[in-house]
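Asker: One structure coming up, written as structure tokens, with questions to follow.
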Amino acid sequence: MAYINLNRNAKKHKFIVNALLYALMTLLAVILLFPYAYMVSKSLMTGEEVVDPTLRLLPEVPQFKNYLRIFQNEDYLNGFIHTLIIVGSNCIIVPLSASVIAFSFAKLKWVGRGFMFAIMLGTMMLPGVVTQLSLYAIYVDLNWINTLYPFIIPNLFGGGALYIFLIRQFMLGIPRDMDNAAKIDGANAFVRYWSIVLPLCKPVLIYVVVNVFISYWGDYYGPFVYMRASYAPKTLAQVVFENSMEKDAATYNANMRMCGGVIMSIVPAILFAIFQKQLIEGVVMTGLKD
Amino acid sequence: MSKISLKIKRTVKNSYTGWLFNLPLAIGIGVFTLVPVLMSLFDSFFSYDGLNNADSRIWVGMANYVRIFTKDRDMQKVVVNTLVYTIVSIPINLVASYFLALLVNSTLKGVTVYRVFYYLPCMIPAVAGGLLWADMFDGTFGLFNKFLGVFGIGPFDFFKSEDMSALVSVFIMNLWSVGGGMILWLSAFKNIGKHYYEAAILDGANAWHRLVHITIPMSSAMIFYNVITSVIGTLQYNGTLTFGTRNGRGENNALYMYAVKIYYEAFEKGKIGYASALAWLMLIVIAIVTFIMFRTSSWVFYAEEN
């Protein structure tokens, strides 16, 4: 009898704890997602509702035509195209160049490999502020300033130490037998890279592509520095930023600006929703495996 | 003899393939990393007038470095802001994300959905986030002031404050993206063996004891990694560019931090030499801080791989 009572108490106790946990988790989710919802809501308001002095959270009638207006705006449209060019070319270039280099570290034996690997890891620790000023000077000499080249050409040379490192780690996990069998059959290094190792790297390559997409999609500092002139191509992030820096940012045209913010945010959010598993596991990989 | 020479020949031939595959990296590191690093060291001893004006170069020796410490009036505020930002925001974010991770590190139904919700704000690009928060923090039409006004509090200037409260607004905004750290902690928790907890429960340890004596020590390697990367990243924080007035410096320089200082000196004022000196000083500081953290990392416990 006493035992059953105890059991029932424990169950009741557990139920209360779980209910509290759910309440807390839901509260936090509401707080963290609220700004997101507010951005969407404000993007659907009319110009008058935006300057409504009362606490207004929802539009009277959602103004979906705000989004149509954004897509008719030449600045946003051009920004979108430029961003797509940068993002699209990097989504092809970075995984290819990073995997070629990763292959040399993971599957080839050569004099100087350890040295190059150490140097590469060293560059990961180097703060970006030290290279940016001289890179600017180099790009001036190459006539790359106010063009899209600084965001694309350097990535032909590896596309970032972190990605190379991750792909190498993944390649090390591919059984050597497969590679060796091809070697005995007379396949050269390039054939082994292209038709055996690379197809097996699909999971890590997806992680790289999604990350490249998200980081170049949202990159603001690079365009601020390398495409400053008024005649330079502008990325979407730049257009959104420049419109947000107008005077009285919260009043005039705030609904249109929020449309820009929503468009900028919705794309990574969709990517995250689709590739959630790979991204979170990828973070786990980047975490502490050395 | 011939066997040895054959072996050397083969090594050279194999190395040839390896280097061929590695060539892009060697060129890339040379052109886009090593040369710029050395160039900026070189530039830090010169004075330049204008961004693209190499003709104006004048040798000034250590004068740029001396200026950082003596003549530059903005510098004191920049250093204080950067230090306060680093010292306050790192613990806040690490602790908040740690507790968030503890909260969703359960097997409750639907907990993965909550993880996605918490991580979602991290997916918002900085520019969109800056735009949104500048809007919500607006002096007259901002959501926060309208809401606080209902209770008769405020209005506050938030990002546009002239004092430390501008930085406090940044801390509030940063809490929004606390889900990024959460994911890292969760991956660390995953690697802690279940048997530790089972044994502790048998010994009668409560939840608090399990946290202090198992979870925290067993995730200390991740704590260390997070502290190091946060310190390096936070010292170089330039996010105020996306929401701060006056090119990210804020009113009365209330948001003015080191990375924005470099950006401002170089790209707004064209003082490449001075900006290079600032950048190299940052490199030295980061190197020293990282070195000290590694030397004092005896508290970190590295679990054996199983």
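Quick note on naming: the chains in the structure tokens go A, B, ... in the order shown, residues restart at 1 in each chain, and ligands are numbered from 1 in order of appearance.
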Extract, using only C-alpha atoms, all DNA, RNA and protein residues at most 12 Å from B:Lys271, discarding same-chain residues fewer than 2 positions from it, and format them as a PyMOL selection string.

Answerer: (chain A and resi 133) or (chain B and resi 43-54+56-58+64+261-269+273-278)

Asker: If we count only C-alpha atoms, which residues of chain A reach to within 6 Å of chain B? Please list them as a PDB file with C-alpha atoms, in the first residue's frame.

Answerer:
```pdb
ATOM      1  CA  LEU A  32      13.058  34.338 -28.853  1.00  0.00           C
ATOM      2  CA  LEU A  55       1.246  49.857 -29.210  1.00  0.00           C
ATOM      3  CA  ILE A 101      43.040  20.400 -51.035  1.00  0.00           C
ATOM      4  CA  SER A 104      45.860  16.111 -50.743  1.00  0.00           C
ATOM      5  CA  LEU A 108      48.048  11.568 -50.644  1.00  0.00           C
ATOM      6  CA  TRP A 110      53.951  13.887 -49.927  1.00  0.00           C
ATOM      7  CA  VAL A 111      56.915  15.720 -48.471  1.00  0.00           C
ATOM      8  CA  VAL A 129      41.524  42.568 -39.077  1.00  0.00           C
ATOM      9  CA  VAL A 130      45.226  42.045 -39.783  1.00  0.00           C
ATOM     10  CA  THR A 131      44.789  41.032 -43.410  1.00  0.00           C
ATOM     11  CA  SER A 134      46.445  45.010 -47.173  1.00  0.00           C
ATOM     12  CA  LEU A 135      43.936  42.880 -49.040  1.00  0.00           C
ATOM     13  CA  PHE A 157      42.318  28.859 -53.611  1.00  0.00           C
ATOM     14  CA  GLY A 158      40.694  26.721 -50.959  1.00  0.00           C
ATOM     15  CA  GLY A 218      24.305  37.602 -44.979  1.00  0.00           C
ATOM     16  CA  PHE A 241      21.453  48.106 -44.665  1.00  0.00           C
ATOM     17  CA  SER A 244      17.905  51.059 -42.647  1.00  0.00           C
ATOM     18  CA  ALA A 250      11.631  53.501 -37.556  1.00  0.00           C
ATOM     19  CA  GLY A 261      14.626  42.137 -43.551  1.00  0.00           C
ATOM     20  CA  SER A 265      15.921  36.202 -43.093  1.00  0.00           C
ATOM     21  CA  PRO A 268      18.489  31.043 -44.385  1.00  0.00           C
ATOM     22  CA  ALA A 269      15.544  29.968 -42.229  1.00  0.00           C
ATOM     23  CA  VAL A 284      29.152  19.042 -33.640  1.00  0.00           C
TER      24      VAL A 284
END
```

Asker: Just the number, please: distance in Å from atom CA of B:Met257 to atom CA of B:Thr82, one decimal.

Answerer: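 These atoms are spaced 5.1 Å apart.
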
Asker: Find the residues of stretch 165-244 of chain A that sit at most 12 Å from stretch 136-140 of chain A; for each, write down the nearest two atoms and how far apart they are in Å, to one decimal. Count only C-alpha atoms. Sort by chain, then by number going up, and give it as a Markdown table.

Answerer:
```
| residue | atom | partner | partner_atom | distance |
| --- | --- | --- | --- | --- |
| A:Gly222 | CA | A:Tyr136 | CA | 10.3 |
| A:Pro223 | CA | A:Tyr136 | CA | 11.7 |
| A:Phe224 | CA | A:Tyr136 | CA | 11.7 |
| A:Val225 | CA | A:Tyr136 | CA | 8.0 |
| A:Tyr226 | CA | A:Tyr136 | CA | 7.1 |
| A:Met227 | CA | A:Tyr136 | CA | 10.6 |
| A:Arg228 | CA | A:Tyr136 | CA | 11.7 |
```

Asker: Find the distance between atom CA of A:Leu271 and atom CA of A:Tyr36 and write it in Å to one decimal.

Answerer: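 Spanning atom CA of A:Leu271 to atom CA of A:Tyr36 is a straight-line distance of 16.3 Å.
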
Asker: Env of A:Val212: 8 Å cut, atoms = only C-alpha atoms, seq-sep filter 5 positions within chain, self excluded. Answer as a ChimeraX atom specification.

Answerer: /A:87,90-91,94

Asker: Once you have the residues from the selection above, write them out as a short mmCIF file (atom, residue, chain, number, x, y, z; two decimals), in the first residue's frame, restricted to all heavy atoms.

Answerer:
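The resulting file, part.cif, is shown below:
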```
data_model
loop_
_atom_site.label_atom_id
_atom_site.label_comp_id
_atom_site.auth_asym_id
_atom_site.auth_seq_id
_atom_site.Cartn_x
_atom_site.Cartn_y
_atom_site.Cartn_z
N VAL A 87 26.71 34.18 -54.12
CA VAL A 87 26.36 32.96 -53.39
C VAL A 87 26.44 31.75 -54.33
O VAL A 87 27.03 30.72 -53.98
CB VAL A 87 24.95 33.10 -52.79
CG1 VAL A 87 24.42 31.76 -52.35
CG2 VAL A 87 24.96 34.07 -51.63
N ASN A 90 30.03 30.76 -55.27
CA ASN A 90 30.77 30.18 -54.15
C ASN A 90 30.26 28.81 -53.75
O ASN A 90 31.03 27.98 -53.25
CB ASN A 90 30.74 31.12 -52.95
CG ASN A 90 31.76 32.22 -53.09
OD1 ASN A 90 32.91 31.96 -53.45
ND2 ASN A 90 31.36 33.44 -52.84
N CYS A 91 28.97 28.57 -53.95
CA CYS A 91 28.43 27.26 -53.61
C CYS A 91 29.02 26.18 -54.52
O CYS A 91 28.98 24.99 -54.18
CB CYS A 91 26.90 27.25 -53.71
SG CYS A 91 26.14 28.00 -52.29
N VAL A 94 33.67 26.79 -53.66
CA VAL A 94 34.24 26.46 -52.35
C VAL A 94 34.30 24.95 -52.10
O VAL A 94 35.37 24.43 -51.77
CB VAL A 94 33.50 27.20 -51.20
CG1 VAL A 94 33.99 26.73 -49.86
CG2 VAL A 94 33.69 28.70 -51.34
#
```

Asker: Could you give me the residues within stretch 44-257 of chain A that DSSP places in alpha helix (DSSP H), as a ChimeraX atom specification?

Answerer: /A:47-50,65-72,74-106,113-125,129-141,161-172,176-184,189-191,198-200,202-218,221-226,236-244,254-257

Asker: Given the choices B:Phe159, B:Trp299, B:Phe189, B:Trp208, which gets closest to B:Ala101 if the distance is worked out from only C-alpha atoms?

Answerer: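 Looking only at the distances to B:Ala101, the closest residue turns out to be B:Phe189.
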
Asker: Skip B:Thr86 itself and residues of its chain fewer than 6 positions away, then list as a list in words all residues within 9 Å of it, counting only C-alpha atoms.

Answerer: Ser230, Val231, Thr234 and Leu235 of chain B
